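Engineer: Submitted below is the structure of interest, expressed as structure tokens.
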Amino acid sequence: MISFIISALKIIFLLGFLVFIHELGHFTFAKLFKVKVNEFALGMGPAIFKKKKGDATYALRLLPIGGCVSMEGEDEESQDENAFNRKKVWQKIIIVA
């Protein structure tokens, strides 16, 4: 039973690390192209830790699966000059890829 728990924790840690690297790629290119990032979060569900630094909120969420980078103008129109929807198509492709 203990070996199962240790194996499960290893898988959760590895998955969390991979998600972090993946989301960090989106975050890095968004910042590189001067897109306003509203939130960088690891995990899903309710936040267990949040810290606001500059315009962005950094969060660690309860369920250790997935993550997100929420950008201004990603889901709706925004008039902010640093919004995702106001960037060039090639920049959007790089950020999303």
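Here's how to read the names in the structure tokens: chain A, B, ... by the order shown, residue numbers from 1 in each chain, ligand numbers from 1 in the order shown.
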Quick one: residues within 8 Å of stretch 40-42 of chain A, only C-alpha atoms, excluding same-chain residues fewer than 2 positions away - as a PyMOL selection string?

Structural biologist: chain A and resi 16+19-20+23+27+37-38+44+56-61+64-70

Engineer: Please save all heavy atoms of the selected residues as a short mmCIF file (atom, residue, chain, number, x, y, z; two decimals), in the first residue's frame.

Structural biologist:
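Just written: part_0.cif:
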data_model
loop_
_atom_site.label_atom_id
_atom_site.label_comp_id
_atom_site.auth_asym_id
_atom_site.auth_seq_id
_atom_site.Cartn_x
_atom_site.Cartn_y
_atom_site.Cartn_z
N GLY A 16 2.72 17.50 -12.44
CA GLY A 16 2.75 18.91 -12.05
C GLY A 16 3.94 19.64 -12.67
O GLY A 16 3.81 20.78 -13.13
N VAL A 19 3.21 20.13 -16.40
CA VAL A 19 2.21 21.18 -16.57
C VAL A 19 2.86 22.55 -16.34
O VAL A 19 2.61 23.50 -17.08
CB VAL A 19 1.00 20.97 -15.63
CG1 VAL A 19 0.12 22.20 -15.57
CG2 VAL A 19 0.20 19.76 -16.08
N PHE A 20 3.70 22.65 -15.32
CA PHE A 20 4.39 23.91 -15.04
C PHE A 20 5.23 24.36 -16.23
O PHE A 20 5.16 25.52 -16.64
CB PHE A 20 5.28 23.76 -13.79
CG PHE A 20 6.14 24.96 -13.53
CD1 PHE A 20 5.59 26.13 -13.03
CD2 PHE A 20 7.49 24.93 -13.80
CE1 PHE A 20 6.38 27.25 -12.80
CE2 PHE A 20 8.30 26.04 -13.58
CZ PHE A 20 7.73 27.20 -13.06
N GLU A 23 2.82 25.47 -19.12
CA GLU A 23 2.18 26.77 -18.86
C GLU A 23 3.21 27.89 -18.84
O GLU A 23 2.92 29.02 -19.25
CB GLU A 23 1.40 26.74 -17.55
CG GLU A 23 0.23 25.78 -17.54
CD GLU A 23 -0.81 26.04 -18.62
OE1 GLU A 23 -0.97 27.19 -19.06
OE2 GLU A 23 -1.47 25.06 -19.02
N PHE A 27 3.14 31.52 -20.75
CA PHE A 27 3.38 32.73 -19.96
C PHE A 27 4.57 33.52 -20.52
O PHE A 27 4.49 34.74 -20.69
CB PHE A 27 3.63 32.33 -18.51
CG PHE A 27 3.92 33.49 -17.59
CD1 PHE A 27 2.89 34.25 -17.09
CD2 PHE A 27 5.22 33.79 -17.22
CE1 PHE A 27 3.15 35.31 -16.23
CE2 PHE A 27 5.49 34.84 -16.37
CZ PHE A 27 4.45 35.61 -15.86
N VAL A 37 -1.02 39.50 -18.69
CA VAL A 37 -1.41 38.22 -18.10
C VAL A 37 -2.16 38.52 -16.80
O VAL A 37 -1.63 39.18 -15.91
CB VAL A 37 -0.18 37.33 -17.82
CG1 VAL A 37 -0.57 36.07 -17.08
CG2 VAL A 37 0.53 36.99 -19.12
N ASN A 38 -3.40 38.04 -16.71
CA ASN A 38 -4.21 38.25 -15.51
C ASN A 38 -3.90 37.23 -14.42
O ASN A 38 -3.87 37.56 -13.25
CB ASN A 38 -5.70 38.20 -15.84
CG ASN A 38 -6.10 39.32 -16.77
OD1 ASN A 38 -5.58 40.42 -16.71
ND2 ASN A 38 -7.03 39.03 -17.66
N MET A 44 -6.19 22.88 -10.68
CA MET A 44 -7.58 23.25 -10.96
C MET A 44 -8.34 23.34 -9.65
O MET A 44 -7.91 22.83 -8.63
CB MET A 44 -8.25 22.18 -11.84
CG MET A 44 -7.59 21.95 -13.17
SD MET A 44 -7.93 23.31 -14.26
CE MET A 44 -7.19 22.71 -15.74
N ALA A 56 -0.35 40.55 -12.65
CA ALA A 56 -0.68 39.12 -12.64
C ALA A 56 -0.91 38.59 -11.23
O ALA A 56 -0.29 39.03 -10.26
CB ALA A 56 0.43 38.32 -13.30
N THR A 57 -1.81 37.61 -11.16
CA THR A 57 -2.03 36.86 -9.93
C THR A 57 -1.44 35.47 -10.15
O THR A 57 -1.71 34.84 -11.18
CB THR A 57 -3.54 36.73 -9.63
OG1 THR A 57 -4.08 38.04 -9.48
CG2 THR A 57 -3.77 35.94 -8.36
N TYR A 58 -0.64 35.00 -9.22
CA TYR A 58 -0.03 33.68 -9.29
C TYR A 58 -0.76 32.80 -8.28
O TYR A 58 -0.91 33.18 -7.13
CB TYR A 58 1.46 33.75 -8.98
CG TYR A 58 2.20 34.65 -9.97
CD1 TYR A 58 2.32 36.01 -9.73
CD2 TYR A 58 2.71 34.13 -11.14
CE1 TYR A 58 2.96 36.85 -10.65
CE2 TYR A 58 3.35 34.94 -12.05
CZ TYR A 58 3.47 36.30 -11.81
OH TYR A 58 4.09 37.10 -12.72
N ALA A 59 -1.23 31.62 -8.75
CA ALA A 59 -2.05 30.78 -7.87
C ALA A 59 -1.63 29.32 -7.94
O ALA A 59 -1.20 28.83 -8.98
CB ALA A 59 -3.52 30.91 -8.27
N LEU A 60 -1.77 28.67 -6.80
CA LEU A 60 -1.62 27.22 -6.70
C LEU A 60 -2.99 26.71 -6.29
O LEU A 60 -3.55 27.15 -5.28
CB LEU A 60 -0.57 26.86 -5.64
CG LEU A 60 -0.24 25.40 -5.47
CD1 LEU A 60 0.31 24.83 -6.78
CD2 LEU A 60 0.76 25.21 -4.35
N ARG A 61 -3.54 25.79 -7.09
CA ARG A 61 -4.91 25.34 -6.86
C ARG A 61 -4.92 23.93 -6.27
O ARG A 61 -3.93 23.21 -6.33
CB ARG A 61 -5.70 25.42 -8.14
CG ARG A 61 -5.77 26.87 -8.62
CD ARG A 61 -6.71 27.06 -9.78
NE ARG A 61 -6.79 28.45 -10.15
CZ ARG A 61 -7.66 29.32 -9.63
NH1 ARG A 61 -8.51 28.92 -8.72
NH2 ARG A 61 -7.67 30.57 -10.02
N PRO A 64 -4.16 18.83 -8.34
CA PRO A 64 -2.89 18.93 -9.05
C PRO A 64 -2.94 18.41 -10.49
O PRO A 64 -2.11 17.62 -10.93
CB PRO A 64 -1.95 18.08 -8.19
CG PRO A 64 -2.85 17.04 -7.63
CD PRO A 64 -4.17 17.73 -7.39
N ILE A 65 -3.95 18.84 -11.22
CA ILE A 65 -4.06 18.47 -12.64
C ILE A 65 -4.28 19.75 -13.44
O ILE A 65 -5.09 20.58 -13.08
CB ILE A 65 -5.22 17.48 -12.90
CG1 ILE A 65 -6.52 18.02 -12.32
CG2 ILE A 65 -4.91 16.11 -12.34
CD1 ILE A 65 -7.75 17.23 -12.68
N GLY A 66 -3.53 19.92 -14.49
CA GLY A 66 -3.72 21.06 -15.36
C GLY A 66 -3.17 22.36 -14.80
O GLY A 66 -2.46 22.39 -13.80
N GLY A 67 -3.51 23.42 -15.48
CA GLY A 67 -3.07 24.75 -15.11
C GLY A 67 -3.61 25.72 -16.13
O GLY A 67 -4.26 25.32 -17.10
N CYS A 68 -3.36 27.00 -15.93
CA CYS A 68 -3.83 27.97 -16.92
C CYS A 68 -3.03 29.25 -16.86
O CYS A 68 -2.45 29.59 -15.83
CB CYS A 68 -5.32 28.25 -16.73
SG CYS A 68 -5.69 29.33 -15.35
N VAL A 69 -3.01 29.93 -18.00
CA VAL A 69 -2.50 31.28 -18.10
C VAL A 69 -3.66 32.08 -18.68
O VAL A 69 -4.06 31.88 -19.82
CB VAL A 69 -1.26 31.36 -19.02
CG1 VAL A 69 -0.82 32.80 -19.19
CG2 VAL A 69 -0.12 30.53 -18.45
N SER A 70 -4.22 32.96 -17.87
CA SER A 70 -5.36 33.77 -18.29
C SER A 70 -4.84 35.13 -18.76
O SER A 70 -4.19 35.84 -18.00
CB SER A 70 -6.31 33.94 -17.11
OG SER A 70 -7.34 34.84 -17.43
#

Engineer: As a PyMOL selection string, which residues of chain A does DSSP assign to helix (DSSP H, G or I)?

Structural biologist: chain A and resi 2-32+84-86+89-96

Engineer: For each of A:Ile48, A:Ala8, A:Met1, A:Leu32, take the minimum atom-to-atom distance to A:Leu62, counting only C-alpha atoms, then give the residue where this is smallest.

Structural biologist: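 Checking each candidate against A:Leu62, we get A:Ile48 as the closest.
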
Engineer: Which one is closest to A:Asn82: A:Val96, A:Gly45, A:Ile6, A:Lys36? Count only C-alpha atoms.

Structural biologist: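 Distance minimum relative to A:Asn82 lands on A:Lys36.
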